[in-house]
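Content type compact mmCIF, C-alpha atoms, from the file final_19.txt:
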# COMPACT_ATOMS: atom_id res chain seq x y z
CA MET Y 1 1.64 18.39 -1.65
CA ARG Y 2 5.02 16.71 -1.90
CA PHE Y 3 6.74 14.41 0.53
CA SER Y 4 9.77 15.88 2.29
CA PHE Y 5 12.41 13.18 2.16
CA PRO Y 6 14.63 12.70 5.21
CA ALA Y 7 18.33 12.36 4.54
CA ALA Y 8 19.31 8.70 4.39
CA LEU Y 9 22.91 8.81 3.22
CA LEU Y 10 24.40 5.35 2.90
CA ALA Y 11 28.17 5.29 2.61
CA GLY Y 12 30.28 2.66 0.91
CA CYS Y 13 27.87 1.61 -1.85
CA THR Y 14 29.39 -1.24 -3.78
CA CYS Y 15 27.53 -0.26 -6.91
CA ALA Y 16 25.97 3.00 -7.98
CA LEU Y 17 23.16 2.82 -10.49
CA LEU Y 18 21.84 5.74 -12.47
CA LEU Y 19 19.63 6.29 -15.45
CA GLN Y 20 20.07 7.85 -18.85
CA PRO Y 21 18.20 10.95 -20.01
CA ALA Y 22 14.67 10.53 -21.28
CA PRO Y 23 15.61 10.95 -24.98
CA ALA Y 24 17.95 7.95 -24.72
CA LEU Y 25 15.50 5.64 -23.00
CA ALA Y 26 14.37 3.78 -26.12
CA SER Y 27 17.96 2.79 -26.92
CA ASP Y 28 18.82 2.00 -23.33
CA GLY Y 29 16.74 -1.15 -22.89
CA SER Y 30 13.86 0.63 -21.21
CA THR Y 31 10.23 -0.14 -21.82
CA ARG Y 32 7.06 1.86 -21.36
CA ARG Y 33 3.67 0.28 -20.78
CA ASP Y 34 0.48 2.25 -21.32
CA PHE Y 35 -2.68 0.95 -19.67
CA PRO Y 36 -6.31 1.43 -20.73
CA GLY Y 37 -7.05 3.38 -17.56
CA GLY Y 38 -4.54 6.07 -18.52
CA GLY Y 39 -1.64 5.03 -16.30
CA THR Y 40 1.86 4.24 -17.52
CA THR Y 41 4.89 2.44 -16.15
CA THR Y 42 8.39 3.11 -17.44
CA SER Y 43 10.84 0.33 -16.60
CA LEU Y 44 14.55 1.12 -16.76
CA PRO Y 45 17.35 -1.43 -16.40
CA LEU Y 46 19.86 -0.69 -13.65
CA THR Y 47 23.49 -1.38 -14.56
CA ALA Y 48 26.36 -1.34 -12.07
CA GLY Y 49 28.97 1.32 -12.76
CA HIS Y 50 30.56 4.50 -11.54
CA PRO Y 51 28.43 7.23 -9.94
CA LEU Y 52 26.76 9.43 -12.51
CA ALA Y 53 24.97 12.75 -12.23
CA PRO Y 54 21.15 12.50 -11.90
CA ARG Y 55 19.30 12.27 -15.20
CA GLY Y 56 15.91 13.29 -16.52
CA THR Y 57 13.06 10.84 -17.09
CA ARG Y 58 9.51 10.75 -18.31
CA PRO Y 59 7.02 12.11 -15.75
CA PHE Y 60 6.12 9.84 -12.81
CA ALA Y 61 4.69 10.08 -9.30
CA LEU Y 62 5.72 6.80 -7.63
CA LEU Y 63 8.74 4.55 -7.99
CA GLY Y 64 10.30 1.32 -6.79
CA VAL Y 65 12.95 -1.23 -7.74
CA ARG Y 66 12.25 -4.84 -8.74
CA TRP Y 67 14.46 -7.82 -9.48
CA ASP Y 68 14.33 -11.43 -10.58
CA GLY Y 69 14.43 -14.19 -8.01
CA PRO Y 70 13.30 -14.38 -4.39
CA ALA Y 71 11.75 -11.46 -2.57
CA ASP Y 72 14.52 -11.44 0.05
CA ALA Y 73 17.42 -11.31 -2.45
CA LEU Y 74 18.34 -7.78 -1.31
CA SER Y 75 18.10 -8.53 2.40
CA GLY Y 76 21.08 -7.02 4.16
CA GLY Y 77 21.53 -4.52 1.36
CA SER Y 78 20.04 -1.12 0.65
CA VAL Y 79 18.51 1.00 -2.08
CA ARG Y 80 18.30 4.77 -2.04
CA VAL Y 81 16.86 7.25 -4.51
CA ARG Y 82 16.70 10.96 -5.30
CA THR Y 83 14.03 12.55 -7.46
CA ARG Y 84 13.56 15.87 -9.25
CA ASP Y 85 10.40 17.91 -8.72
CA ALA Y 86 8.76 18.40 -12.12
CA ASP Y 87 7.36 21.78 -11.07
CA THR Y 88 10.33 23.40 -9.33
CA GLY Y 89 13.28 21.47 -10.78
CA GLY Y 90 14.64 20.94 -7.26
CA TRP Y 91 16.18 17.64 -6.19
CA SER Y 92 15.11 15.80 -3.07
CA ASP Y 93 17.39 14.40 -0.41
CA TRP Y 94 18.33 10.74 -0.66
CA HIS Y 95 15.58 8.44 0.54
CA ALA Y 96 16.05 4.77 1.50
CA LEU Y 97 13.59 2.22 0.12
CA GLU Y 98 12.42 -0.76 2.17
CA THR Y 99 14.02 -3.85 0.60
CA GLY Y 100 12.54 -6.60 2.78
CA PRO Y 101 9.44 -8.63 1.81
CA GLU Y 102 7.21 -7.28 4.58
CA ASP Y 103 4.09 -6.73 2.46
CA GLY Y 104 2.67 -8.99 -0.16
CA PRO Y 105 1.52 -12.53 -0.80
CA ASP Y 106 3.14 -15.39 1.06
CA ARG Y 107 4.63 -16.60 -2.25
CA ALA Y 108 5.74 -13.55 -4.25
CA PRO Y 109 6.67 -14.17 -7.92
CA HIS Y 110 9.80 -12.00 -7.64
CA GLY Y 111 11.32 -9.32 -5.48
CA SER Y 112 10.59 -5.62 -5.25
CA THR Y 113 11.11 -2.77 -2.82
CA ALA Y 114 8.26 -1.00 -1.13
CA PRO Y 115 6.94 1.74 -3.43
CA LEU Y 116 7.75 5.39 -2.78
CA TRP Y 117 5.30 8.18 -3.62
CA THR Y 118 7.32 11.12 -4.93
CA GLY Y 119 4.71 13.46 -6.31
CA ARG Y 120 5.04 14.79 -9.86
CA SER Y 121 8.67 14.17 -10.82
CA ASP Y 122 10.80 14.06 -13.97
CA GLY Y 123 14.26 13.02 -12.84
CA VAL Y 124 15.80 10.30 -10.70
CA ALA Y 125 19.02 8.84 -9.33
CA VAL Y 126 19.41 5.40 -7.77
CA GLU Y 127 22.12 3.77 -5.69
CA VAL Y 128 22.09 0.13 -4.65
CA ARG Y 129 24.23 -1.64 -2.07
CA PRO Y 130 23.69 -5.41 -2.43
CA GLY Y 131 23.47 -7.71 0.55
CA PRO Y 132 25.69 -10.70 1.28
CA ALA Y 133 24.26 -12.65 -1.67
CA GLY Y 134 25.32 -9.97 -4.15
CA ALA Y 135 23.23 -8.00 -6.60
CA PRO Y 136 20.21 -9.99 -7.87
CA ALA Y 137 19.64 -10.34 -11.59
CA GLY Y 138 17.14 -8.25 -13.46
CA LEU Y 139 17.37 -5.07 -11.37
CA ARG Y 140 15.03 -2.47 -12.86
CA LEU Y 141 13.65 0.84 -11.72
CA GLU Y 142 9.90 1.21 -12.19
CA LEU Y 143 8.49 4.72 -12.62
CA VAL Y 144 4.72 4.89 -12.22
CA ASP Y 145 2.41 7.57 -13.61
CA PRO Y 146 -1.12 6.83 -12.29
CA GLY Y 147 -2.82 8.91 -14.98
CA ALA Y 148 -6.37 10.20 -14.65
CA GLY Y 149 -7.88 6.82 -13.80
CA ALA Y 150 -10.31 4.54 -15.58
CA PRO Y 151 -13.80 5.99 -16.05
CA GLY Y 152 -16.32 4.52 -13.64
CA GLY Y 153 -19.17 4.41 -16.14
CA ALA Y 154 -22.49 3.47 -14.58
CA ALA Y 155 -20.86 1.58 -11.71
CA THR Y 156 -21.61 2.69 -8.16
CA ARG Y 157 -18.79 4.97 -7.10
CA THR Y 158 -19.59 5.21 -3.38
CA LEU Y 159 -21.39 2.71 -1.15
CA PRO Y 160 -23.34 4.86 1.31
CA ALA Y 161 -23.19 4.16 5.01
CA ASP Y 162 -25.53 1.29 5.84
CA PRO Y 163 -27.29 1.21 9.23
CA ALA Y 164 -28.41 -2.39 8.74
CA PRO Y 165 -27.61 -4.56 11.79
CA THR Y 166 -24.68 -6.97 11.82
CA ALA Y 167 -23.80 -9.71 14.28
CA THR Y 168 -22.59 -7.18 16.84
CA GLY Y 169 -24.34 -4.07 15.60
CA ALA Y 170 -21.52 -2.09 13.96
CA PRO Y 171 -22.77 -0.18 10.90
CA ARG Y 172 -21.00 -0.22 7.56
CA PRO Y 173 -19.26 3.09 6.88
CA ALA Y 174 -19.49 4.79 3.50
CA ILE Y 175 -16.91 3.22 1.18
CA VAL Y 176 -15.53 4.64 -2.07
CA THR Y 177 -15.55 1.75 -4.52
CA ARG Y 178 -12.81 0.81 -6.94
CA ALA Y 179 -14.74 2.62 -9.67
CA GLY Y 180 -14.73 5.66 -7.40
CA TRP Y 181 -10.93 5.83 -7.25
CA GLY Y 182 -10.53 4.98 -10.92
CA ALA Y 183 -9.19 1.42 -10.78
CA ASP Y 184 -8.24 0.01 -14.18
CA GLU Y 185 -9.85 -3.43 -13.81
CA SER Y 186 -7.93 -4.80 -16.80
CA LEU Y 187 -4.74 -4.84 -14.71
CA ARG Y 188 -5.73 -7.28 -11.97
CA ASP Y 189 -6.45 -11.01 -12.02
CA LYS Y 190 -10.02 -11.71 -13.11
CA ASP Y 191 -10.55 -14.36 -10.42
CA PHE Y 192 -10.93 -13.69 -6.70
CA GLU Y 193 -9.43 -15.52 -3.73
CA TYR Y 194 -11.18 -15.81 -0.37
CA THR Y 195 -10.05 -16.92 3.09
CA GLY Y 196 -12.02 -18.04 6.10
CA PRO Y 197 -14.08 -15.43 8.00
CA VAL Y 198 -12.09 -12.32 8.93
CA ARG Y 199 -11.08 -12.48 12.59
CA GLU Y 200 -8.21 -9.98 12.50
CA VAL Y 201 -7.56 -6.49 11.12
CA PHE Y 202 -3.95 -5.42 10.55
CA VAL Y 203 -3.36 -1.66 10.43
CA HIS Y 204 -0.72 -0.31 8.04
CA HIS Y 205 0.46 3.00 6.70
CA THR Y 206 1.39 3.47 3.05
CA ALA Y 207 4.60 5.42 3.84
CA THR Y 208 3.60 8.05 1.30
CA ALA Y 209 3.05 11.80 1.63
CA THR Y 210 1.19 12.85 4.77
CA ASP Y 211 0.25 16.44 3.95
CA TYR Y 212 -1.63 15.59 0.74
CA GLU Y 213 -4.93 17.02 -0.41
CA CYS Y 214 -7.63 14.41 0.20
CA SER Y 215 -8.81 14.90 -3.37
CA ASP Y 216 -5.44 13.42 -4.44
CA ALA Y 217 -5.93 10.19 -2.45
CA PRO Y 218 -7.43 8.29 -5.43
CA LYS Y 219 -4.31 9.13 -7.45
CA VAL Y 220 -2.07 7.72 -4.70
CA ILE Y 221 -4.18 4.54 -4.52
CA ARG Y 222 -4.04 4.08 -8.31
CA ALA Y 223 -0.25 4.38 -8.25
CA ILE Y 224 0.08 1.81 -5.43
CA TYR Y 225 -2.32 -0.51 -7.27
CA GLN Y 226 -0.38 -0.23 -10.50
CA TYR Y 227 2.91 -0.90 -8.70
CA HIS Y 228 1.61 -3.87 -6.72
CA VAL Y 229 0.19 -5.52 -9.87
CA ARG Y 230 2.52 -4.59 -12.72
CA THR Y 231 5.81 -4.23 -10.85
CA SER Y 232 5.48 -6.64 -7.93
CA GLY Y 233 3.40 -9.18 -9.86
CA TRP Y 234 0.59 -9.47 -7.32
CA ARG Y 235 -3.01 -10.35 -8.17
CA ASP Y 236 -4.31 -6.92 -7.19
CA ILE Y 237 -3.54 -4.11 -4.77
CA GLY Y 238 -2.37 -5.68 -1.52
CA TYR Y 239 -4.61 -3.85 0.98
CA ASN Y 240 -8.25 -4.71 1.52
CA PHE Y 241 -9.12 -1.13 2.46
CA LEU Y 242 -7.42 2.26 2.62
CA VAL Y 243 -8.34 5.36 4.62
CA ASP Y 244 -7.24 8.92 3.84
CA ARG Y 245 -6.44 11.73 6.25
CA CYS Y 246 -10.01 13.08 5.94
CA GLY Y 247 -11.44 9.74 7.11
CA THR Y 248 -12.71 8.53 3.73
CA VAL Y 249 -12.65 4.73 3.40
CA TYR Y 250 -11.71 3.19 0.04
CA GLU Y 251 -12.25 -0.33 -1.25
CA GLY Y 252 -8.91 -1.99 -1.90
CA ARG Y 253 -8.55 -5.52 -3.29
CA ALA Y 254 -11.52 -6.55 -5.44
CA GLY Y 255 -13.92 -9.32 -4.52
CA GLY Y 256 -16.59 -7.64 -2.39
CA VAL Y 257 -16.20 -5.37 0.61
CA ASP Y 258 -18.36 -7.72 2.72
CA GLN Y 259 -16.44 -10.82 1.64
CA PRO Y 260 -13.29 -12.33 3.26
CA VAL Y 261 -11.04 -11.35 0.34
CA HIS Y 262 -7.54 -12.82 0.57
CA GLY Y 263 -5.21 -9.83 0.63
CA ALA Y 264 -1.43 -9.38 0.34
CA HIS Y 265 -0.63 -7.05 3.22
CA THR Y 266 0.93 -8.93 6.15
CA LEU Y 267 3.40 -11.62 5.14
CA GLY Y 268 2.58 -14.87 6.90
CA PHE Y 269 -0.81 -13.72 8.20
CA ASN Y 270 -2.88 -12.86 5.13
CA THR Y 271 -5.35 -15.67 5.88
CA ASP Y 272 -8.47 -14.89 7.94
CA SER Y 273 -7.42 -11.25 8.20
CA SER Y 274 -8.04 -7.92 6.52
CA GLY Y 275 -5.39 -5.27 5.85
CA VAL Y 276 -6.37 -1.61 6.29
CA ALA Y 277 -3.84 1.05 5.26
CA ALA Y 278 -3.73 4.64 6.45
CA ILE Y 279 -2.62 6.79 3.52
CA GLY Y 280 0.44 8.68 4.71
CA THR Y 281 3.51 8.25 6.91
CA TYR Y 282 2.86 8.22 10.65
CA ILE Y 283 6.28 7.71 12.21
CA ASP Y 284 6.52 11.15 13.79
CA ALA Y 285 3.44 12.85 12.36
CA ALA Y 286 0.32 12.39 14.46
CA PRO Y 287 -2.55 10.75 12.55
CA PRO Y 288 -5.52 13.15 12.19
CA GLN Y 289 -8.64 12.28 14.16
CA PRO Y 290 -10.79 11.79 11.02
CA LEU Y 291 -8.28 9.17 9.84
CA LEU Y 292 -8.50 7.35 13.17
CA ASP Y 293 -12.29 7.52 13.04
CA GLY Y 294 -12.26 5.96 9.56
CA LEU Y 295 -9.91 3.17 10.67
CA ALA Y 296 -12.12 2.41 13.69
CA ALA Y 297 -15.28 2.39 11.57
CA ILE Y 298 -14.02 -0.04 8.92
CA ALA Y 299 -12.36 -2.30 11.52
CA ALA Y 300 -15.55 -2.43 13.64
CA TRP Y 301 -17.76 -3.30 10.67
CA LYS Y 302 -15.41 -5.83 9.10
CA LEU Y 303 -14.93 -7.71 12.37
CA SER Y 304 -18.67 -7.51 13.08
CA LEU Y 305 -19.36 -9.64 10.03
CA ASN Y 306 -17.87 -12.55 11.99
CA ALA Y 307 -19.03 -11.45 15.45
CA GLN Y 308 -15.39 -10.76 16.41
CA PRO Y 309 -15.11 -8.13 19.19
CA ALA Y 310 -12.74 -5.38 18.12
CA ASP Y 311 -11.26 -5.21 21.62
CA GLY Y 312 -10.85 -8.99 21.83
CA ARG Y 313 -8.10 -11.34 20.74
CA THR Y 314 -7.74 -14.00 18.08
CA LYS Y 315 -5.26 -16.72 17.14
CA LEU Y 316 -3.68 -16.96 13.69
CA THR Y 317 -1.09 -19.40 12.39
CA SER Y 318 2.01 -18.12 10.62
CA SER Y 319 2.38 -19.38 7.06
CA SER Y 320 5.88 -18.00 6.43
CA ASP Y 321 9.27 -18.21 8.12
CA ALA Y 322 9.93 -14.73 6.77
CA SER Y 323 7.33 -13.28 9.12
CA ARG Y 324 8.03 -12.37 12.72
CA TYR Y 325 7.12 -15.92 13.72
CA PRO Y 326 8.31 -19.24 12.22
CA LYS Y 327 5.91 -21.02 9.92
CA GLY Y 328 3.35 -23.03 11.87
CA THR Y 329 3.53 -20.85 14.99
CA VAL Y 330 0.13 -20.05 16.51
CA VAL Y 331 0.11 -16.39 17.55
CA ASP Y 332 -2.40 -14.70 19.85
CA PHE Y 333 -3.08 -11.21 18.43
CA ASP Y 334 -5.24 -8.31 19.45
CA ALA Y 335 -8.15 -8.39 16.99
CA VAL Y 336 -6.93 -4.99 15.75
CA SER Y 337 -3.14 -5.10 15.50
CA GLY Y 338 -0.36 -3.21 13.78
CA HIS Y 339 1.70 -4.62 10.93
CA ARG Y 340 4.73 -4.63 13.24
CA ASP Y 341 2.98 -7.12 15.53
CA ALA Y 342 3.33 -9.73 12.77
CA PHE Y 343 6.49 -8.62 10.98
CA ASN Y 344 9.73 -6.89 11.95
CA THR Y 345 8.86 -3.51 10.46
CA GLU Y 346 8.28 0.08 11.52
CA CYS Y 347 4.81 0.00 9.90
CA PRO Y 348 2.29 1.45 10.73
CA GLY Y 349 4.61 4.08 12.19
CA THR Y 350 5.28 4.85 15.83
CA SER Y 351 2.63 7.58 16.12
CA LEU Y 352 -0.15 5.55 14.54
CA TYR Y 353 0.80 2.38 16.41
CA ALA Y 354 0.51 4.26 19.71
CA THR Y 355 -3.15 5.01 18.96
CA LEU Y 356 -4.18 1.37 18.50
CA PRO Y 357 -5.43 0.79 22.08
CA ALA Y 358 -7.78 3.77 21.73
CA LEU Y 359 -8.71 2.67 18.23
CA ARG Y 360 -9.74 -0.77 19.53
CA THR Y 361 -11.90 0.88 22.19
CA ALA Y 362 -13.54 3.15 19.64
CA ALA Y 363 -14.22 0.23 17.28
CA ALA Y 364 -15.68 -1.86 20.11
CA ARG Y 365 -17.94 1.02 21.08
CA LEU Y 366 -19.28 1.13 17.52
CA GLN Y 367 -19.96 -2.60 17.71
CA GLN Y 368 -21.88 -2.21 20.95
CA GLN Y 369 -24.27 0.40 19.60
CA ALA Y 370 -27.81 -0.81 19.09
CA PRO Y 371 -28.48 -1.21 15.37
CA ALA Y 372 -30.53 1.60 13.90
CA PRO Y 373 -33.72 0.66 12.06
CA GLN Y 374 -32.94 -0.26 8.51
CA ALA Y 375 -33.67 2.58 6.14
CA SER Y 376 -33.18 3.25 2.52
CA ALA Y 377 -30.08 5.46 2.36
CA PRO Y 378 -29.78 7.96 -0.49
CA GLN Y 379 -27.14 7.27 -3.12
CA ALA Y 380 -23.98 9.26 -2.44
CA PRO Y 381 -22.82 11.58 -5.21
CA ALA Y 382 -20.12 10.31 -7.56
CA THR Y 383 -16.60 10.78 -6.31
CA PRO Y 384 -14.84 13.36 -8.47

Could you take the file, read its structure, and then write that structure out as structure tokens?
Amino acid sequence: MRFSFPAALLAGCTCALLLQPAPALASDGSTRRDFPGGGTTTSLPLTAGHPLAPRGTRPFALLGVRWDGPADALSGGSVRVRTRDADTGGWSDWHALETGPEDGPDRAPHGSTAPLWTGRSDGVAVEVRPGPAGAPAGLRLELVDPGAGAPGGAATRTLPADPAPTATGAPRPAIVTRAGWGADESLRDKDFEYTGPVREVFVHHTATATDYECSDAPKVIRAIYQYHVRTSGWRDIGYNFLVDRCGTVYEGRAGGVDQPVHGAHTLGFNTDSSGVAAIGTYIDAAPPQPLLDGLAAIAAWKLSLNAQPADGRTKLTSSSDASRYPKGTVVDFDAVSGHRDAFNTECPGTSLYATLPALRTAAARLQQQAPAPQASAPQAPATP
């Protein structure tokens, strides 16, 4: 299913940027990268000029804009895009991209907008209004085709639910591994980074399509992964876990689901925390109950590994002035908080954020259950 873009018309753009037709891409400074896992990224330079009619492109399903220099170089400005549906030929409304550095590592190598899932598309238009500092150098549009995914080989594709006891008794939910969603492991950094024990879970939404088929969730995750690594220059996908609308939990950043993997999800508070993203946009749309159940299950288990009550509180220290709190500020968070609690953002959406008190209660209830006797769980079937 495709995402229905809201109108986000921005008047008075100081520069309008548009792309040339696909046949002219090779002579227009564009590059195309093909990855072993089957995905591709087409990168097109954006040049200031007069407004042009939308143009055709190679197929893609997710896009974003990157630039050289600091992540906040477009602060105070705006970027909006339109895309053409590859199946119907219809053009979307204009959609504004998030230009602030709300997600990501505390020291990003360069700037990029938040990615936008468009569904299967073959045309695009872009308009940029720079902020007070002017247009940053190296503006490029990145068009991501996630492909069919890397083959999982003999790797375990789903970790079955594990009833083994933890410090507070919360069981591990079933988790689709990176092999299960087709991660191309050649893209990410080979080394892993770890923090101290996880004492905090930050809930996000991916701001992608909400009415998707759950069988398409791996494709969405692959596209986000490819964008985070190859466009934004991060070590790996930013989130530690993702959950789809059917409640399926997916392994995000590599390094071990039971390890305190250092993610890139909540600027200023990536240390001693885990980022869990709900796949979809939950500003007005109500999150489905299976999604909430999946979020509660992974939060309960992850916090249990450090005996942190899901309905308790924990203190974290800001590591970035760009967060909601100046660097060095000690902040007292709910152990399960929304992204907006740490950064000035709409994420995880008004509707999902409103469910967090109930989600904490549900996660705490899972932690308080007596551990079931350890049993040998059957291997889950491979994820298609």

Worksheet item: Contacts of Y:Leu303 at 10 Å or less, counting only C-alpha atoms, minus same-chain residues fewer than 4 places along, as a list in words?
Response: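 Non-adjacent residues within range: Thr166, Ala167, Thr168, Ala170, Pro197, Val198, Arg199, Glu200, Val201, Ser273, Ser274, Ile298, Ala299, Ala307, Gln308, Pro309, Ala310, Ala335, Val336, Ala363, Ala364 and Gln367 of chain Y.
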
Same residues, C-alpha atoms, saved as an mmCIF file, in the frame of the given file:
data_model
loop_
_atom_site.group_PDB
_atom_site.id
_atom_site.type_symbol
_atom_site.label_atom_id
_atom_site.label_comp_id
_atom_site.auth_asym_id
_atom_site.auth_seq_id
_atom_site.Cartn_x
_atom_site.Cartn_y
_atom_site.Cartn_z
ATOM 1 C CA THR Y 166 -24.680 -6.970 11.820
ATOM 2 C CA ALA Y 167 -23.800 -9.710 14.280
ATOM 3 C CA THR Y 168 -22.590 -7.180 16.840
ATOM 4 C CA ALA Y 170 -21.520 -2.090 13.960
ATOM 5 C CA PRO Y 197 -14.080 -15.430 8.000
ATOM 6 C CA VAL Y 198 -12.090 -12.320 8.930
ATOM 7 C CA ARG Y 199 -11.080 -12.480 12.590
ATOM 8 C CA GLU Y 200 -8.210 -9.980 12.500
ATOM 9 C CA VAL Y 201 -7.560 -6.490 11.120
ATOM 10 C CA SER Y 273 -7.420 -11.250 8.200
ATOM 11 C CA SER Y 274 -8.040 -7.920 6.520
ATOM 12 C CA ILE Y 298 -14.020 -0.040 8.920
ATOM 13 C CA ALA Y 299 -12.360 -2.300 11.520
ATOM 14 C CA ALA Y 307 -19.030 -11.450 15.450
ATOM 15 C CA GLN Y 308 -15.390 -10.760 16.410
ATOM 16 C CA PRO Y 309 -15.110 -8.130 19.190
ATOM 17 C CA ALA Y 310 -12.740 -5.380 18.120
ATOM 18 C CA ALA Y 335 -8.150 -8.390 16.990
ATOM 19 C CA VAL Y 336 -6.930 -4.990 15.750
ATOM 20 C CA ALA Y 363 -14.220 0.230 17.280
ATOM 21 C CA ALA Y 364 -15.680 -1.860 20.110
ATOM 22 C CA GLN Y 367 -19.960 -2.600 17.710
#

Item to complete: Take the point (1.2, 5.3, -11.4) in the file's coordinates, draw a sphere of radius 10 Å around it, and report as a ChimeraX atom specification every protein, DNA or RNA residue with an atom inside or on it, counting all atoms listed in the file.
Response: /Y:38-42,59-63,117,142-149,219-227

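Closest approach to Y:Ala264 among Y:Ala135, Y:Leu366, Y:Val203, Y:Ile237: Y:Ile237, based on all atoms listed in the file.
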
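Distances to Y:Gly275 were evaluated for Y:Leu242, Y:Leu97, Y:Leu292, Y:Ala342 using only C-alpha atoms, and the minimum falls at Y:Leu242.
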
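Across the structure, atom CA of Y:Asp272 and atom CA of Y:Leu316 are spaced 7.8 Å apart.
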
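Proximity ranking of Y:Tyr282, Y:Trp301, Y:Phe333, Y:Phe192 relative to Y:Thr355 places Y:Tyr282 first, based on all atoms listed in the file.
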
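Closest approach to Y:Ser43 among Y:His95, Y:Arg178, Y:Arg120, Y:Arg140 is made by Y:Arg140 (distances from all atoms listed in the file).
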
Centre and size of axis-aligned box enclosing stretch 352-359 of chain Y plus 4 Å each side, as JSON:
{"center_x": -4.0, "center_y": 3.2, "center_z": 18.3, "size_x": 17.5, "size_y": 12.8, "size_z": 15.5}

Worksheet item: Which residue out of Y:Thr208, Y:Arg253, Y:Pro70, Y:Gln259 has the minimum interatomic distance to Y:Tyr194 when all atoms listed in the file are used?
Response: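 For Y:Tyr194, the nearest of the given residues is Y:Gln259.
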
Fill in: Gap from atom CA of Y:Asp334 to atom CA of Y:Glu98 - Å, one decimal
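For atom CA of Y:Asp334 relative to atom CA of Y:Glu98, the distance reads 25.8 Å.
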
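Counting all atoms listed in the file and comparing Y:Pro290, Y:Pro163, Y:Gly328, Y:Gly119, the residue that lies closest to Y:Lys315 is Y:Gly328.
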
Worksheet item: What gap, in Å, lies between atom CA of Y:Ser318 and atom CA of Y:Asp189?
Response: 25.2 Å
